[in-house]
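J.: My structure file run16.tsv, TSV, C-alpha atoms, is below:
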```
chain	number	residue	atom	x	y	z
A	1	MET	CA	-3.02	90.65	-14.03
A	2	LYS	CA	-1.27	88.79	-16.86
A	3	ASN	CA	2.49	88.75	-17.22
A	4	THR	CA	5.14	87.45	-19.58
A	5	ILE	CA	7.79	86.58	-17.01
A	6	ARG	CA	7.84	82.93	-18.04
A	7	ILE	CA	8.50	83.89	-21.66
A	8	GLU	CA	11.14	86.45	-20.69
A	9	ARG	CA	12.86	83.85	-18.53
A	10	ALA	CA	12.87	81.39	-21.40
A	11	ILE	CA	14.43	84.02	-23.68
A	12	LYS	CA	17.11	84.82	-21.10
A	13	ASN	CA	17.41	81.12	-20.22
A	14	ILE	CA	17.17	81.58	-16.45
A	15	THR	CA	15.26	79.57	-13.85
A	16	GLN	CA	12.77	80.87	-11.33
A	17	GLY	CA	15.42	80.43	-8.64
A	18	GLU	CA	17.97	82.47	-10.53
A	19	LEU	CA	15.49	85.25	-11.23
A	20	ALA	CA	14.42	85.23	-7.58
A	21	GLU	CA	18.02	85.58	-6.48
A	22	LYS	CA	18.59	88.51	-8.83
A	23	VAL	CA	15.61	90.50	-7.60
A	24	ASP	CA	16.11	89.46	-3.95
A	25	VAL	CA	12.90	87.51	-3.37
A	26	THR	CA	12.06	83.84	-2.81
A	27	ARG	CA	11.50	81.36	-5.65
A	28	GLN	CA	7.95	80.95	-4.33
A	29	THR	CA	7.31	84.64	-4.99
A	30	ILE	CA	8.34	84.33	-8.65
A	31	ASN	CA	6.30	81.14	-8.96
A	32	ALA	CA	3.23	82.87	-7.50
A	33	ILE	CA	3.64	85.89	-9.81
A	34	GLU	CA	4.00	83.67	-12.90
A	35	ALA	CA	0.93	81.69	-11.91
A	36	ALA	CA	-0.97	84.99	-11.48
A	37	LYS	CA	-1.66	84.10	-7.85
A	38	TYR	CA	0.12	87.20	-6.62
A	39	VAL	CA	0.42	90.74	-7.96
A	40	PRO	CA	3.87	92.16	-7.14
A	41	SER	CA	4.49	95.57	-5.63
A	42	THR	CA	5.54	98.44	-7.89
A	43	VAL	CA	9.12	98.15	-6.66
A	44	LEU	CA	9.34	94.44	-7.48
A	45	ALA	CA	7.63	94.91	-10.86
A	46	LEU	CA	10.16	97.64	-11.72
A	47	LYS	CA	13.06	95.42	-10.63
A	48	ILE	CA	11.84	92.54	-12.79
A	49	ALA	CA	11.26	94.82	-15.78
A	50	ARG	CA	14.72	96.37	-15.41
A	51	LEU	CA	16.31	92.94	-15.24
A	52	PHE	CA	14.72	91.95	-18.54
A	53	GLY	CA	15.51	95.38	-20.05
A	54	LYS	CA	11.86	96.19	-20.70
A	55	GLN	CA	9.14	98.58	-19.53
A	56	VAL	CA	6.78	97.38	-16.78
A	57	ASN	CA	3.90	97.67	-19.25
A	58	ASP	CA	5.63	95.22	-21.58
A	59	ILE	CA	5.74	92.54	-18.90
A	60	PHE	CA	2.62	93.17	-16.85
A	61	GLU	CA	-0.76	93.68	-18.44
A	62	LEU	CA	-4.18	94.31	-16.96
A	63	GLU	CA	-6.88	91.71	-17.59
A	64	GLU	CA	-10.62	92.18	-17.84
A	65	GLY	CA	-11.99	92.46	-14.33
A	66	ASP	CA	-8.82	94.00	-12.86
B	1	MET	CA	12.29	99.76	1.55
B	2	LYS	CA	10.85	99.84	5.05
B	3	LYS	CA	12.03	96.86	7.07
B	4	SER	CA	9.48	94.74	8.92
B	5	LEU	CA	9.63	94.44	12.69
B	6	LEU	CA	10.87	90.87	13.03
B	7	LEU	CA	13.33	89.08	15.26
B	8	PRO	CA	16.78	87.90	14.10
B	9	ARG	CA	17.14	84.35	12.70
B	10	ILE	CA	18.75	82.99	15.87
B	11	CYS	CA	15.51	83.51	17.84
B	12	ARG	CA	13.58	80.63	16.21
B	13	PRO	CA	15.86	77.80	17.39
B	14	ILE	CA	15.98	79.41	20.85
B	15	GLY	CA	12.16	79.58	20.86
B	16	CYS	CA	11.93	75.94	19.72
B	17	VAL	CA	14.09	74.87	22.68
B	18	LEU	CA	12.32	77.10	25.21
B	19	PHE	CA	8.74	76.24	24.18
B	20	PRO	CA	8.65	72.56	25.30
B	21	LEU	CA	10.40	73.53	28.54
B	22	GLY	CA	7.96	76.39	29.18
B	23	LEU	CA	4.95	74.24	28.32
B	24	ALA	CA	6.15	71.41	30.58
B	25	TRP	CA	6.70	73.91	33.41
B	26	LEU	CA	3.26	75.46	32.81
B	27	LEU	CA	1.47	72.10	32.78
B	28	ALA	CA	3.44	70.88	35.80
B	29	PHE	CA	2.40	73.93	37.79
B	30	TYR	CA	-1.21	74.49	36.70
B	31	VAL	CA	-2.39	70.97	35.81
B	32	PHE	CA	-0.34	68.66	38.05
B	33	ASP	CA	0.15	71.20	40.86
B	34	ASN	CA	3.87	70.51	40.96
B	35	ARG	CA	6.20	73.36	42.00
B	36	VAL	CA	9.17	72.83	39.72
B	37	PHE	CA	11.23	75.46	41.53
B	38	PRO	CA	9.99	75.61	45.15
B	39	PHE	CA	12.23	78.60	45.99
B	40	LEU	CA	10.12	80.79	43.64
B	41	LYS	CA	7.27	80.85	46.12
B	42	TYR	CA	7.12	84.21	47.86
B	43	ASP	CA	5.03	84.99	50.91
B	44	SER	CA	5.30	88.25	52.80
B	45	ASN	CA	1.98	87.54	54.46
B	46	ILE	CA	3.36	85.19	57.13
B	47	GLY	CA	1.95	85.98	60.52
B	48	SER	CA	-0.55	88.58	59.34
B	49	ASN	CA	-4.32	88.20	59.47
B	50	ARG	CA	-4.82	88.83	55.78
B	51	MET	CA	-7.32	86.51	54.06
B	52	GLY	CA	-6.74	85.37	50.49
B	53	PRO	CA	-4.03	86.18	47.98
B	54	ALA	CA	-3.08	89.67	46.81
B	55	SER	CA	-4.22	90.81	43.39
B	56	TYR	CA	-1.16	92.83	42.33
B	57	LEU	CA	2.56	92.41	42.45
B	58	PHE	CA	4.13	94.46	45.25
B	59	GLU	CA	0.80	95.02	46.96
B	60	LYS	CA	1.37	95.19	50.72
B	61	ASP	CA	1.74	91.68	52.15
B	62	PHE	CA	1.44	89.98	48.78
B	63	SER	CA	2.20	86.31	48.35
B	64	THR	CA	2.54	84.39	45.14
B	65	ASP	CA	4.28	81.50	43.48
B	66	PHE	CA	6.43	82.84	40.67
B	67	ASN	CA	6.45	79.37	39.09
B	68	GLY	CA	3.11	80.35	37.57
B	69	GLU	CA	4.12	83.79	36.29
B	70	LEU	CA	7.48	82.68	34.92
B	71	SER	CA	6.14	79.54	33.19
B	72	ILE	CA	3.49	81.66	31.42
B	73	LEU	CA	6.15	84.18	30.42
B	74	VAL	CA	8.59	81.55	29.09
B	75	THR	CA	5.81	79.85	27.07
B	76	LEU	CA	4.53	83.11	25.59
B	77	VAL	CA	7.98	84.49	24.78
B	78	SER	CA	9.08	81.21	23.17
B	79	LEU	CA	5.92	81.13	21.01
B	80	PHE	CA	6.54	84.76	20.07
B	81	MET	CA	10.12	83.91	19.09
B	82	ILE	CA	9.01	81.02	16.89
B	83	ALA	CA	6.23	83.05	15.27
B	84	PHE	CA	7.97	86.31	14.52
B	85	THR	CA	11.48	85.36	13.52
B	86	ARG	CA	12.69	86.60	10.16
B	87	GLU	CA	12.73	84.06	7.30
B	88	LYS	CA	15.94	83.50	5.32
B	89	ILE	CA	14.55	85.77	2.59
B	90	GLU	CA	11.84	88.03	3.97
B	91	ASP	CA	10.09	89.53	0.96
B	92	GLU	CA	6.65	91.02	0.25
B	93	TYR	CA	5.07	87.63	-0.56
B	94	VAL	CA	6.23	86.26	2.80
B	95	SER	CA	4.70	89.33	4.48
B	96	LEU	CA	1.42	88.57	2.71
B	97	LYS	CA	1.57	84.99	3.98
B	98	ARG	CA	2.21	86.26	7.50
B	99	LEU	CA	-0.81	88.52	7.22
B	100	LYS	CA	-3.02	85.68	5.94
B	101	ALA	CA	-1.82	83.33	8.69
B	102	LEU	CA	-2.52	86.00	11.31
B	103	GLN	CA	-5.99	86.56	9.88
B	104	ILE	CA	-6.80	82.82	9.88
B	105	SER	CA	-5.52	82.42	13.44
B	106	LEU	CA	-7.57	85.38	14.61
B	107	TYR	CA	-10.74	84.01	12.98
B	108	LEU	CA	-10.21	80.49	14.39
B	109	ASN	CA	-9.45	81.88	17.83
B	110	LEU	CA	-12.61	83.97	17.79
B	111	LEU	CA	-14.55	80.88	16.71
B	112	LEU	CA	-13.01	78.92	19.59
B	113	VAL	CA	-14.04	81.58	22.11
B	114	ALA	CA	-17.52	81.89	20.57
B	115	VAL	CA	-18.13	78.12	20.71
B	116	ALA	CA	-16.75	77.99	24.26
B	117	SER	CA	-19.05	80.87	25.28
B	118	ILE	CA	-22.07	78.83	24.20
B	119	PHE	CA	-21.11	75.36	25.42
B	120	ILE	CA	-18.74	75.83	28.36
B	121	TYR	CA	-19.58	77.46	31.69
B	122	GLY	CA	-18.03	78.28	35.02
B	123	PHE	CA	-14.35	77.88	35.76
B	124	ALA	CA	-13.73	75.73	32.67
B	125	TYR	CA	-14.60	78.79	30.56
B	126	VAL	CA	-11.82	80.74	32.25
B	127	TYR	CA	-9.39	77.94	31.30
B	128	ILE	CA	-10.54	78.18	27.69
B	129	LEU	CA	-9.90	81.94	27.74
B	130	GLN	CA	-6.44	81.29	29.16
B	131	CYS	CA	-5.78	78.75	26.42
B	132	SER	CA	-6.92	81.24	23.77
B	133	ILE	CA	-3.95	83.46	24.68
B	134	TYR	CA	-1.63	80.69	23.47
B	135	SER	CA	-3.84	79.25	20.73
B	136	ILE	CA	-3.75	82.45	18.67
B	137	LEU	CA	0.04	82.14	18.40
B	138	VAL	CA	0.01	78.36	17.98
B	139	ILE	CA	-2.53	78.50	15.12
B	140	TYR	CA	-0.57	81.34	13.49
B	141	ILE	CA	2.66	79.30	13.63
B	142	LEU	CA	0.98	76.17	12.21
B	143	VAL	CA	-0.73	78.04	9.35
B	144	PHE	CA	2.42	80.01	8.50
B	145	ILE	CA	4.65	76.91	8.52
B	146	TYR	CA	2.13	75.10	6.31
B	147	GLN	CA	2.00	78.00	3.83
B	148	MET	CA	5.74	78.59	3.79
B	149	HIS	CA	7.28	75.15	3.99
B	150	ILE	CA	4.73	72.38	3.40
B	151	LYS	CA	2.41	73.69	0.67
B	152	PRO	CA	5.24	74.68	-1.74
B	153	ARG	CA	6.70	71.16	-1.49
B	154	LEU	CA	3.35	69.68	-2.43
B	155	THR	CA	3.16	71.89	-5.52
B	156	LYS	CA	6.83	72.18	-6.43
B	157	SER	CA	7.53	73.36	-9.99
B	158	ASP	CA	10.74	75.12	-10.95
B	159	THR	CA	10.22	75.49	-14.64
B	160	LEU	CA	12.46	77.09	-17.21
```
Let me see whether you can do it: turn the structure in this file into C-alpha coordinates.

T.:
Amino acid sequence: MKNTIRIERAIKNITQGELAEKVDVTRQTINAIEAAKYVPSTVLALKIARLFGKQVNDIFELEEGD
Amino acid sequence: MKKSLLLPRICRPIGCVLFPLGLAWLLAFYVFDNRVFPFLKYDSNIGSNRMGPASYLFEKDFSTDFNGELSILVTLVSLFMIAFTREKIEDEYVSLKRLKALQISLYLNLLLVAVASIFIYGFAYVYILQCSIYSILVIYILVFIYQMHIKPRLTKSDTL
(Lines of atoms letter the chains of each structure in order from A and count residues from 1; the text may use other names and numbers.)
(Lines give C-alpha, C1' and ligand atoms only; values in the text may rest on other atoms or scores of the structure.)
Protein backbone atom coordinates (compact mmCIF):
# COMPACT_ATOMS: atom_id res chain seq x y z
CA MET A 1 0.00 0.00 0.00
CA LYS A 2 1.37 3.41 -1.02
CA ASN A 3 0.98 6.47 1.15
CA THR A 4 1.74 10.18 1.07
CA ILE A 5 2.58 10.65 4.73
CA ARG A 6 6.09 11.88 3.95
CA ILE A 7 4.69 14.56 1.64
CA GLU A 8 1.99 15.55 4.12
CA ARG A 9 4.60 15.83 6.85
CA ALA A 10 6.74 18.04 4.66
CA ILE A 11 3.74 20.30 3.97
CA LYS A 12 2.93 20.54 7.67
CA ASN A 13 6.65 20.73 8.51
CA ILE A 14 6.61 18.07 11.21
CA THR A 15 9.07 15.26 11.93
CA GLN A 16 8.29 11.57 12.23
CA GLY A 17 8.73 11.90 15.99
CA GLU A 18 6.25 14.74 16.24
CA LEU A 19 3.69 12.91 14.12
CA ALA A 20 4.19 9.76 16.19
CA GLU A 21 3.58 11.71 19.38
CA LYS A 22 0.39 13.23 18.00
CA VAL A 23 -1.15 9.90 17.00
CA ASP A 24 0.20 8.09 20.09
CA VAL A 25 2.53 5.58 18.43
CA THR A 26 6.31 5.12 18.27
CA ARG A 27 8.52 6.89 15.73
CA GLN A 28 9.44 3.44 14.41
CA THR A 29 5.79 2.84 13.53
CA ILE A 30 5.61 6.01 11.42
CA ASN A 31 8.95 5.15 9.83
CA ALA A 32 7.71 1.65 8.95
CA ILE A 33 4.45 3.00 7.49
CA GLU A 34 6.28 5.58 5.36
CA ALA A 35 8.66 2.92 4.10
CA ALA A 36 5.65 0.73 3.22
CA LYS A 37 6.97 -1.99 5.52
CA TYR A 38 3.85 -1.89 7.64
CA VAL A 39 0.17 -1.32 6.85
CA PRO A 40 -1.51 0.53 9.74
CA SER A 41 -4.80 -0.47 11.32
CA THR A 42 -7.98 1.35 10.31
CA VAL A 43 -7.94 3.30 13.57
CA LEU A 44 -4.37 4.53 13.06
CA ALA A 45 -5.01 5.35 9.38
CA LEU A 46 -8.06 7.41 10.40
CA LYS A 47 -6.05 9.21 13.10
CA ILE A 48 -3.29 10.10 10.63
CA ALA A 49 -5.80 11.26 8.01
CA ARG A 50 -7.66 13.39 10.56
CA LEU A 51 -4.41 14.98 11.69
CA PHE A 52 -3.61 16.05 8.13
CA GLY A 53 -7.23 17.11 7.54
CA LYS A 54 -7.72 14.67 4.67
CA GLN A 55 -9.68 11.53 3.82
CA VAL A 56 -7.97 8.16 4.36
CA ASN A 57 -8.21 7.53 0.61
CA ASP A 58 -6.20 10.69 -0.05
CA ILE A 59 -3.29 9.45 2.02
CA PHE A 60 -3.38 5.69 1.56
CA GLU A 61 -3.69 4.09 -1.84
CA LEU A 62 -3.80 0.48 -2.94
CA GLU A 63 -1.01 -0.77 -5.20
CA GLU A 64 -1.10 -3.49 -7.82
CA GLY A 65 -0.88 -6.82 -6.04
CA ASP A 66 -2.59 -5.60 -2.85
CA MET B 1 -9.02 0.17 21.88
CA LYS B 2 -8.59 -3.18 23.61
CA LYS B 3 -5.55 -3.15 25.88
CA SER B 4 -3.00 -5.94 25.61
CA LEU B 5 -2.34 -8.21 28.56
CA LEU B 6 1.10 -6.98 29.59
CA LEU B 7 2.84 -6.30 32.87
CA PRO B 8 3.53 -2.78 34.22
CA ARG B 9 6.86 -1.09 33.35
CA ILE B 10 8.36 -1.72 36.80
CA CYS B 11 8.38 -5.49 36.19
CA ARG B 12 11.27 -5.48 33.67
CA PRO B 13 13.95 -4.11 36.03
CA ILE B 14 12.71 -6.48 38.74
CA GLY B 15 12.94 -9.39 36.27
CA CYS B 16 16.45 -8.29 35.22
CA VAL B 17 17.58 -8.41 38.86
CA LEU B 18 15.81 -11.70 39.64
CA PHE B 19 16.94 -13.60 36.53
CA PRO B 20 20.70 -13.85 37.28
CA LEU B 21 19.89 -14.75 40.89
CA GLY B 22 17.38 -17.42 39.82
CA LEU B 23 19.74 -18.82 37.19
CA ALA B 24 22.65 -18.96 39.66
CA TRP B 25 20.41 -20.72 42.18
CA LEU B 26 19.17 -23.15 39.51
CA LEU B 27 22.68 -23.99 38.29
CA ALA B 28 23.99 -24.27 41.85
CA PHE B 29 21.29 -26.78 42.72
CA TYR B 30 21.00 -28.87 39.54
CA VAL B 31 24.51 -28.67 38.06
CA PHE B 32 26.81 -28.23 41.08
CA ASP B 33 24.54 -30.04 43.56
CA ASN B 34 24.84 -27.21 46.04
CA ARG B 35 21.88 -26.54 48.38
CA VAL B 36 21.86 -22.76 48.58
CA PHE B 37 19.23 -22.76 51.32
CA PRO B 38 19.58 -26.05 53.26
CA PHE B 39 16.47 -25.33 55.38
CA LEU B 40 14.29 -25.74 52.24
CA LYS B 41 14.78 -29.48 52.27
CA TYR B 42 11.66 -31.20 53.54
CA ASP B 43 11.41 -34.85 54.50
CA SER B 44 8.36 -36.33 56.14
CA ASN B 45 9.57 -39.80 55.24
CA ILE B 46 12.03 -40.13 58.14
CA GLY B 47 11.74 -43.48 59.80
CA SER B 48 9.30 -44.98 57.30
CA ASN B 49 10.09 -47.85 54.95
CA ARG B 50 9.15 -45.94 51.82
CA MET B 51 11.53 -46.39 48.87
CA GLY B 52 12.23 -43.49 46.52
CA PRO B 53 10.88 -39.96 46.39
CA ALA B 54 7.21 -39.00 46.15
CA SER B 55 5.85 -37.82 42.82
CA TYR B 56 3.43 -35.13 44.03
CA LEU B 57 3.46 -32.36 46.54
CA PHE B 58 1.56 -33.27 49.71
CA GLU B 59 1.53 -36.96 48.84
CA LYS B 60 1.69 -38.97 52.07
CA ASP B 61 5.27 -39.10 53.36
CA PHE B 62 6.64 -36.91 50.60
CA SER B 63 10.14 -35.52 50.72
CA THR B 64 11.67 -32.92 48.49
CA ASP B 65 14.18 -30.12 48.33
CA PHE B 66 12.34 -26.90 47.61
CA ASN B 67 15.61 -25.36 46.39
CA GLY B 68 14.83 -27.04 43.07
CA GLU B 69 11.20 -25.96 42.79
CA LEU B 70 11.80 -22.39 43.93
CA SER B 71 14.87 -21.83 41.71
CA ILE B 72 12.87 -22.99 38.67
CA LEU B 73 10.00 -20.72 39.66
CA VAL B 74 12.20 -17.65 40.21
CA THR B 75 13.97 -18.19 36.86
CA LEU B 76 10.72 -18.67 34.93
CA VAL B 77 8.92 -15.76 36.56
CA SER B 78 11.89 -13.42 36.03
CA LEU B 79 12.07 -14.40 32.34
CA PHE B 80 8.32 -13.86 32.06
CA MET B 81 8.69 -10.41 33.64
CA ILE B 82 11.44 -9.41 31.21
CA ALA B 83 9.55 -10.76 28.20
CA PHE B 84 6.07 -9.45 28.79
CA THR B 85 6.54 -6.02 30.31
CA ARG B 86 4.84 -3.13 28.55
CA GLU B 87 7.05 -0.90 26.38
CA LYS B 88 7.06 2.87 26.96
CA ILE B 89 4.68 3.25 24.01
CA GLU B 90 2.88 0.00 23.31
CA ASP B 91 1.27 0.39 19.90
CA GLU B 92 0.09 -1.96 17.14
CA TYR B 93 3.52 -2.13 15.47
CA VAL B 94 5.10 -3.21 18.76
CA SER B 95 2.39 -5.90 19.07
CA LEU B 96 3.31 -7.11 15.59
CA LYS B 97 6.97 -7.29 16.61
CA ARG B 98 6.00 -9.25 19.71
CA LEU B 99 4.06 -11.68 17.56
CA LYS B 100 6.97 -12.10 15.13
CA ALA B 101 9.44 -12.62 17.97
CA LEU B 102 7.15 -15.23 19.53
CA GLN B 103 6.81 -17.00 16.18
CA ILE B 104 10.59 -17.06 15.63
CA SER B 105 11.22 -18.33 19.15
CA LEU B 106 8.63 -21.06 18.74
CA TYR B 107 10.15 -22.19 15.43
CA LEU B 108 13.72 -22.18 16.81
CA ASN B 109 12.62 -24.02 19.92
CA LEU B 110 10.87 -26.68 17.86
CA LEU B 111 14.02 -27.00 15.75
CA LEU B 112 16.10 -27.40 18.91
CA VAL B 113 13.84 -30.18 20.19
CA ALA B 114 13.73 -31.85 16.75
CA VAL B 115 17.54 -31.85 16.43
CA ALA B 116 17.88 -33.09 20.02
CA SER B 117 15.38 -35.88 19.33
CA ILE B 118 17.60 -37.17 16.52
CA PHE B 119 21.07 -36.71 18.04
CA ILE B 120 20.66 -36.89 21.82
CA TYR B 121 19.47 -39.90 23.81
CA GLY B 122 18.84 -41.00 27.36
CA PHE B 123 18.93 -38.65 30.31
CA ALA B 124 20.67 -35.88 28.35
CA TYR B 125 17.52 -35.63 26.22
CA VAL B 126 15.46 -34.91 29.33
CA TYR B 127 17.88 -32.06 30.15
CA ILE B 128 17.40 -30.64 26.67
CA LEU B 129 13.62 -30.74 27.16
CA GLN B 130 14.05 -28.96 30.48
CA CYS B 131 16.21 -26.33 28.80
CA SER B 132 13.59 -25.85 26.08
CA ILE B 133 11.18 -24.52 28.72
CA TYR B 134 13.55 -21.60 29.28
CA SER B 135 14.92 -21.28 25.76
CA ILE B 136 11.54 -20.36 24.28
CA LEU B 137 11.42 -17.29 26.54
CA VAL B 138 15.13 -16.49 26.16
CA ILE B 139 14.95 -16.58 22.34
CA TYR B 140 11.77 -14.48 22.41
CA ILE B 141 13.47 -11.84 24.59
CA LEU B 142 16.59 -11.73 22.39
CA VAL B 143 14.63 -11.46 19.13
CA PHE B 144 12.27 -8.83 20.55
CA ILE B 145 15.10 -6.71 21.98
CA TYR B 146 16.92 -6.92 18.65
CA GLN B 147 13.82 -5.85 16.71
CA MET B 148 12.84 -3.09 19.12
CA HIS B 149 16.10 -1.56 20.24
CA ILE B 150 19.05 -2.70 18.10
CA LYS B 151 17.71 -2.88 14.53
CA PRO B 152 16.19 0.65 14.55
CA ARG B 153 19.55 2.10 15.66
CA LEU B 154 21.27 0.41 12.75
CA THR B 155 18.78 1.93 10.30
CA LYS B 156 18.01 5.23 12.00
CA SER B 157 16.41 7.87 9.77
CA ASP B 158 14.24 10.64 11.15
CA THR B 159 13.54 12.57 8.01
CA LEU B 160 11.46 15.67 7.53

J.: What does the structure give for the distance between CA of Leu96 in chain B and CA of Asp24 in chain A, in Å to one decimal?

T.: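 Value for the CA of Leu96 in chain B-CA of Asp24 in chain A distance: 16.2 Å.
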
J.: Using all atoms listed in the file, which residues sit within 9 Å of Leu62 in chain A once same-chain residues fewer than 5 positions away are excluded, as a ChimeraX atom specification?

T.: /A:1-3

J.: Taking only C-alpha atoms into account and nothing else, which residues of chain A lie no more than 9 Å away from chain B? Please answer as a PyMOL selection string.

T.: chain A and resi 6+9-10+13-17+24-29+31-32+38+40-41+43-44

J.: Quick check, in Å to one decimal: how far apart do CA of Lys47 in chain A and CA of Thr155 in chain B lie?

T.: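 Separating CA of Lys47 in chain A from CA of Thr155 in chain B is a distance of 26.0 Å.
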
J.: What does the distance between CA of Ser71 in chain B and CA of Tyr30 in chain B come to in Å, to one decimal place?

T.: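 Interatomic distance, CA of Ser71 in chain B to CA of Tyr30 in chain B: 9.6 Å.
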
J.: Considering all atoms listed in the file, state which residue in the set B:Asn34, B:Ile136, B:Leu21, B:Lys41 is at the smallest distance from Ala101 in chain B.

T.: B:Ile136

J.: Would you pick out the contacts of Ile59 in chain A at 10 Å or less, using only C-alpha atoms, so that residues sharing its chain but fewer than 5 positions from it are not included, and give the list as an MDAnalysis selection string?

T.: chainID A and resid 2:8 45:46 48:49 52 54

J.: Counting all atoms listed in the file, note down every residue that has an atom within 9 Å of the point (14.8, 86.8, 19.5) (file coordinates), as a PDB file with C-alpha atoms, in the coordinates of the input.

T.:
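Below is the file part.pdb, written as the result:
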```pdb
ATOM      1  CA  LEU B   6      10.870  90.870  13.030  1.00  0.00           C
ATOM      2  CA  LEU B   7      13.330  89.080  15.260  1.00  0.00           C
ATOM      3  CA  PRO B   8      16.780  87.900  14.100  1.00  0.00           C
ATOM      4  CA  ARG B   9      17.140  84.350  12.700  1.00  0.00           C
ATOM      5  CA  ILE B  10      18.750  82.990  15.870  1.00  0.00           C
ATOM      6  CA  CYS B  11      15.510  83.510  17.840  1.00  0.00           C
ATOM      7  CA  ARG B  12      13.580  80.630  16.210  1.00  0.00           C
ATOM      8  CA  ILE B  14      15.980  79.410  20.850  1.00  0.00           C
ATOM      9  CA  GLY B  15      12.160  79.580  20.860  1.00  0.00           C
ATOM     10  CA  VAL B  77       7.980  84.490  24.780  1.00  0.00           C
ATOM     11  CA  SER B  78       9.080  81.210  23.170  1.00  0.00           C
ATOM     12  CA  PHE B  80       6.540  84.760  20.070  1.00  0.00           C
ATOM     13  CA  MET B  81      10.120  83.910  19.090  1.00  0.00           C
ATOM     14  CA  ILE B  82       9.010  81.020  16.890  1.00  0.00           C
ATOM     15  CA  PHE B  84       7.970  86.310  14.520  1.00  0.00           C
ATOM     16  CA  THR B  85      11.480  85.360  13.520  1.00  0.00           C
TER      17      THR B  85
END
```

J.: Which residues, protein or nucleic acid, reach to within 12 Å of (6.1, 73.2, 35.8) in the file's coordinates when using only C-alpha atoms, and can you give that as an MDAnalysis selection string?

T.: chainID B and resid 20:38 40 65:72 74:75

J.: Between B:Cys16, B:Val143, B:Leu79, B:Ile133, which has the minimum distance to Leu112 in chain B (counting only C-alpha atoms)?

T.: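 Distance minimum relative to Leu112 in chain B lands on B:Ile133.
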